[in-house]
Amino acid sequence: MKLLTKILAFISLGLMMSSLAFAHGPTPQKVDEDIIVNADVMKVWNMVKTFDSLAKWHPSVKSIVMTDPDTRVVTLKSGGDMTDSLDEVNKEELYISYRLLEENVTAFPVSFYTINIQVIPEGSNSKVTWSGRFYRGDTGNFPAENLNDEAAVGAMTNYAKSGLQGLKSMVEK
Amino acid sequence: MILLPKLVISADFYISSQTSNEISRFNSDTLQVEQSFDVPQGPVHLVFDHGSQIFYISHPDKGLVSVFDTKTHELLKVIETGGQPFGMVLDTEKEKLFITDWSRDAVLVINTISQQMVDILAVGKSPAGIAIDTIGRKIFVANRGSDSVTVLDADTPKLLATIKTGESPYALAFNQQKNQIYVGCVKSNLVTVIDANSYQVIAKVGSIKTPYGVAVATDGESFYVTSQAENKLVVFDANTLRVTNRISSGKMPESVSLSQNNQHAFVVNWFSNSLSVIDLIADKQIRSVPLRSGSRIITLAN
């Protein structure tokens, strides 16, 4: 019978299998970084809001190729590419949100993420926040060291921090 | 003078905090977290078995389900299921607990008398949300990796239907009054509505950016979906299947539960580590209650 599987071997087999599927079983991880940019919010927002301009300010990004108005292929300087899908550009609250459409855990050890980058007035300057939720590269319960939670958190935190620093440098230039 | 007993409408809701390894008890009358207690690592979903006065917690990262006493919060047992046990639903009629297993593409069946795993049923890939129709005797499973819902017979290990949904169905809820299933499809940004009798998709409604949690009002007249990317609770009319409101929550809302009188919605905001108390008459958040880190799922406890 196709549906019913009572074989105990299935349990031990399942324990050995690891899944690279789009992830929600394991613990979601958080990225929560921000930076002060010494510039008016609109000047910063003009840089942040365009989905195709990431390579202009993110030091880890080599190039962006748009495959449609809401989809970008991000090629990393370290090699490899991943695909992002735009969710929203909110002109009132000054945030852009997007998600990982096609993972590449070899290039970036995260199997899924949603990111929100927002520009908030801070006196006459701006605070930029980089918030996100993501999952490790291997969502099975026995991930290799390069695909575990620590690897994912490290990669995502560095990516957010270097991106914010790059944005600050570009806008303040 | 005769003193009439005070009308008690308060209820406890339990909230899991996956990275804090804690459960918090929130009271819908005081609108406060009244108690928190430690549980094994990585708690996600909770299910209450009122008859036995116990509750179950899934721990997907650890491949186990823990069993607790409702009153004392004492850990009674750890059931080592293997895999990644995630969503859970109790069959109140037949003493069975059904659990989705994310990594083994299966539904685990636990006998709640013996508290032993008695069956493993194959479903689609990466099953997440699960719901039961205790009257029609059906189990509904959202297969996130297969873009489908599996319908199983609750009494026999029989596959009743496999229904195509939007992309990446995650949470689902069953509306007993309307006999409809609401499936939040994370990648398609919509809710697939399925007729639970004919198994036909009757609507695809939205748009909701990254729908995560789904809940149905006790009277069946409305249902609620959290939009994780938009930081909103989206309200639907269950008769017209149209959006009637979008109410702001905290950042990255995940799960939602309703008060028994349907006047409040309680939304767990994963990023903000907070609970939004939303007044469904005034259509706005009236309170934000701080929660522990990694808070995910809210469940009615009584």
# chains A, B, ... in the order shown; residues from 1 in each chain; ligands from 1

call {"tool": "residues_around", "arguments": {"residues": "Gly163 in chain A", "least_positions_apart": "2", "cutoff": "8 Å", "atoms": "only C-alpha atoms", "output": "MDAnalysis selection string"}}
result
chainID A and resid 57:60 159:161 165:167

call {"tool": "write_last_selection", "arguments": {"atoms": "N, CA, C and O atoms", "output": "CSV table (one decimal), in the first residue's frame"}}
result
chain,number,residue,atom,x,y,z
A,57,TRP,N,26.2,49.5,-4.2
A,57,TRP,CA,26.6,49.8,-2.8
A,57,TRP,C,27.0,48.7,-1.9
A,57,TRP,O,27.6,48.9,-0.9
A,58,HIS,N,26.6,47.4,-2.3
A,58,HIS,CA,27.0,46.3,-1.5
A,58,HIS,C,28.4,45.8,-1.9
A,58,HIS,O,28.5,45.2,-3.0
A,59,PRO,N,29.3,45.8,-1.0
A,59,PRO,CA,30.7,45.4,-1.3
A,59,PRO,C,30.9,43.9,-1.6
A,59,PRO,O,31.9,43.6,-2.3
A,60,SER,N,29.9,43.1,-1.2
A,60,SER,CA,30.0,41.7,-1.5
A,60,SER,C,29.4,41.3,-2.8
A,60,SER,O,29.5,40.1,-3.2
A,159,TYR,N,26.9,39.7,5.8
A,159,TYR,CA,26.3,40.2,4.6
A,159,TYR,C,25.5,41.5,4.9
A,159,TYR,O,25.6,42.5,4.2
A,160,ALA,N,24.8,41.5,6.0
A,160,ALA,CA,24.0,42.7,6.4
A,160,ALA,C,24.9,43.8,6.8
A,160,ALA,O,24.8,45.0,6.4
A,161,LYS,N,25.9,43.5,7.7
A,161,LYS,CA,26.9,44.5,8.2
A,161,LYS,C,27.6,45.1,7.0
A,161,LYS,O,27.8,46.4,7.0
A,165,GLN,N,27.4,49.1,5.8
A,165,GLN,CA,28.6,49.9,5.7
A,165,GLN,C,28.9,50.4,4.3
A,165,GLN,O,29.3,51.6,4.1
A,166,GLY,N,28.6,49.5,3.4
A,166,GLY,CA,28.8,49.9,1.9
A,166,GLY,C,27.8,51.0,1.6
A,166,GLY,O,28.2,52.0,0.9
A,167,LEU,N,26.6,50.9,2.1
A,167,LEU,CA,25.6,51.9,1.8
A,167,LEU,C,26.0,53.3,2.4
A,167,LEU,O,25.9,54.3,1.7

call {"tool": "interface_residues", "arguments": {"of": "chain B", "to": "chain A", "cutoff": "10 Å", "atoms": "only C-alpha atoms", "output": "PyMOL selection string"}}
result
chain B and resi 18-19+42-44+59-63+81-87+100-106+118-123+125-128+144-145+152+156-159+168+170+187+189+209-210+228-230+251-252+270-271+294+296

call {"tool": "residues_around", "arguments": {"residues": "Phe68 in chain B", "least_positions_apart": "4", "cutoff": "6 Å", "atoms": "only C-alpha atoms", "output": "PyMOL selection string"}}
result
chain B and resi 54-55+73-76

call {"tool": "residues_around", "arguments": {"residues": "Gly206 in chain B", "least_positions_apart": "3", "cutoff": "12 Å", "atoms": "only C-alpha atoms", "output": "list in words"}}
result
Gly166, Tyr182, Val183, Gly184, Cys185, Val186, Ser188, Asn189, Leu190, Val191, Thr192, Val193, Ala203, Lys209, Thr210, Pro211, Tyr224, Val225, Thr226, Ser227, Val234, Val235, Phe236, Leu241, Arg242, Val243, Thr244, Asn245 and Arg246 of chain B

call {"tool": "residues_around", "arguments": {"residues": "Asp283 in chain B", "least_positions_apart": "2", "cutoff": "12 Å", "atoms": "only C-alpha atoms", "output": "list of chain:residue names"}}
result
B:Lys232, B:Leu233, B:Val234, B:Val235, B:Thr244, B:Asn245, B:Arg246, B:Ile247, B:Ser248, B:Ser249, B:Gln263, B:His264, B:Ala265, B:Val277, B:Ile278, B:Asp279, B:Leu280, B:Ile281, B:Gln285, B:Ile286

call {"tool": "residues_around", "arguments": {"residues": "Gly79 in chain A", "least_positions_apart": "4", "cutoff": "10 Å", "atoms": "only C-alpha atoms", "output": "number ranges by chain"}}
result
A: 60-62, 75, 106-108

call {"tool": "atom_distance", "arguments": {"atom1": "CA of Ser114 in chain B", "atom2": "CA of Thr70 in chain B"}}
result
17.8 Å

call {"tool": "select_by_dssp", "arguments": {"residues": "range 33-109 of chain A", "states": "alpha helix (DSSP H)", "output": "list in words"}}
result
Val41, Met42, Lys43, Val44, Trp45, Asn46, Met47, Val48, Leu54, Ala55, Lys56 and Trp57 of chain A

call {"tool": "atom_distance", "arguments": {"atom1": "CA of Ala238 in chain B", "atom2": "CA of Ala173 in chain B"}}
result
12.2 Å

call {"tool": "closest_residue", "arguments": {"among": "B:Ser274, B:Asn21, B:Thr112, B:Asn197", "to": "Phe140 in chain B", "atoms": "only C-alpha atoms"}}
result
B:Asn197

call {"tool": "select_by_dssp", "arguments": {"residues": "range 80-114 of chain B", "states": "strand (DSSP E or B)", "output": "PyMOL selection string"}}
result
chain B and resi 80+85-91+96-101+106-111

call {"tool": "write_last_selection", "arguments": {"atoms": "N, CA, C and O atoms", "output": "tab-separated table (two decimals), in the first residue's frame"}}
result
chain	number	residue	atom	x	y	z
B	80	GLU	N	10.40	9.94	21.70
B	80	GLU	CA	11.42	10.14	20.67
B	80	GLU	C	10.88	9.66	19.33
B	80	GLU	O	10.86	8.47	19.05
B	85	PRO	N	9.40	16.42	14.00
B	85	PRO	CA	7.97	16.60	14.31
B	85	PRO	C	7.64	18.09	14.45
B	85	PRO	O	8.35	18.81	15.13
B	86	PHE	N	6.57	18.51	13.77
B	86	PHE	CA	6.32	19.95	13.68
B	86	PHE	C	4.87	20.26	14.06
B	86	PHE	O	4.54	20.41	15.23
B	87	GLY	N	3.97	20.36	13.09
B	87	GLY	CA	2.56	20.67	13.38
B	87	GLY	C	1.86	19.49	14.04
B	87	GLY	O	2.19	18.34	13.77
B	88	MET	N	0.90	19.80	14.91
B	88	MET	CA	0.22	18.71	15.62
B	88	MET	C	-1.28	19.01	15.71
B	88	MET	O	-1.68	20.17	15.83
B	89	VAL	N	-2.06	17.93	15.70
B	89	VAL	CA	-3.49	18.08	15.95
B	89	VAL	C	-3.99	16.86	16.71
B	89	VAL	O	-3.56	15.73	16.44
B	90	LEU	N	-4.87	17.09	17.67
B	90	LEU	CA	-5.39	16.00	18.49
B	90	LEU	C	-6.74	15.55	17.93
B	90	LEU	O	-7.58	16.37	17.58
B	91	ASP	N	-6.90	14.23	17.85
B	91	ASP	CA	-8.21	13.68	17.52
B	91	ASP	C	-8.95	13.46	18.83
B	91	ASP	O	-8.67	12.49	19.55
B	96	LYS	N	-6.02	9.96	19.50
B	96	LYS	CA	-4.83	9.92	18.64
B	96	LYS	C	-4.30	11.33	18.43
B	96	LYS	O	-5.07	12.30	18.38
B	97	LEU	N	-2.99	11.41	18.31
B	97	LEU	CA	-2.34	12.68	18.02
B	97	LEU	C	-1.64	12.53	16.67
B	97	LEU	O	-0.89	11.58	16.46
B	98	PHE	N	-1.93	13.46	15.76
B	98	PHE	CA	-1.31	13.43	14.43
B	98	PHE	C	-0.26	14.54	14.35
B	98	PHE	O	-0.54	15.68	14.72
B	99	ILE	N	0.92	14.20	13.85
B	99	ILE	CA	2.04	15.15	13.82
B	99	ILE	C	2.69	15.14	12.45
B	99	ILE	O	3.03	14.07	11.93
B	100	THR	N	2.88	16.32	11.88
B	100	THR	CA	3.62	16.36	10.61
B	100	THR	C	5.12	16.19	10.90
B	100	THR	O	5.63	16.73	11.88
B	101	ASP	N	5.77	15.45	10.04
B	101	ASP	CA	7.22	15.25	10.17
B	101	ASP	C	7.88	15.87	8.94
B	101	ASP	O	7.84	15.32	7.84
B	106	ALA	N	6.08	12.85	6.21
B	106	ALA	CA	5.15	11.89	6.80
B	106	ALA	C	4.29	12.53	7.88
B	106	ALA	O	4.58	13.65	8.34
B	107	VAL	N	3.23	11.83	8.23
B	107	VAL	CA	2.45	12.18	9.42
B	107	VAL	C	2.64	11.06	10.43
B	107	VAL	O	2.45	9.88	10.11
B	108	LEU	N	3.06	11.43	11.62
B	108	LEU	CA	3.27	10.47	12.69
B	108	LEU	C	1.98	10.36	13.49
B	108	LEU	O	1.30	11.36	13.72
B	109	VAL	N	1.65	9.14	13.90
B	109	VAL	CA	0.44	8.95	14.70
B	109	VAL	C	0.85	8.44	16.08
B	109	VAL	O	1.58	7.45	16.20
B	110	ILE	N	0.38	9.15	17.10
B	110	ILE	CA	0.68	8.75	18.48
B	110	ILE	C	-0.62	8.36	19.17
B	110	ILE	O	-1.61	9.09	19.09
B	111	ASN	N	-0.60	7.20	19.79
B	111	ASN	CA	-1.73	6.79	20.62
B	111	ASN	C	-1.62	7.54	21.93
B	111	ASN	O	-0.62	7.43	22.64

call {"tool": "residues_around", "arguments": {"residues": "range 152-158 of chain A", "least_positions_apart": "4", "cutoff": "7 Å", "atoms": "only C-alpha atoms", "output": "VMD selection string"}}
result
chain A and resid 29 31 108 to 110 136 to 137 147 to 148 162
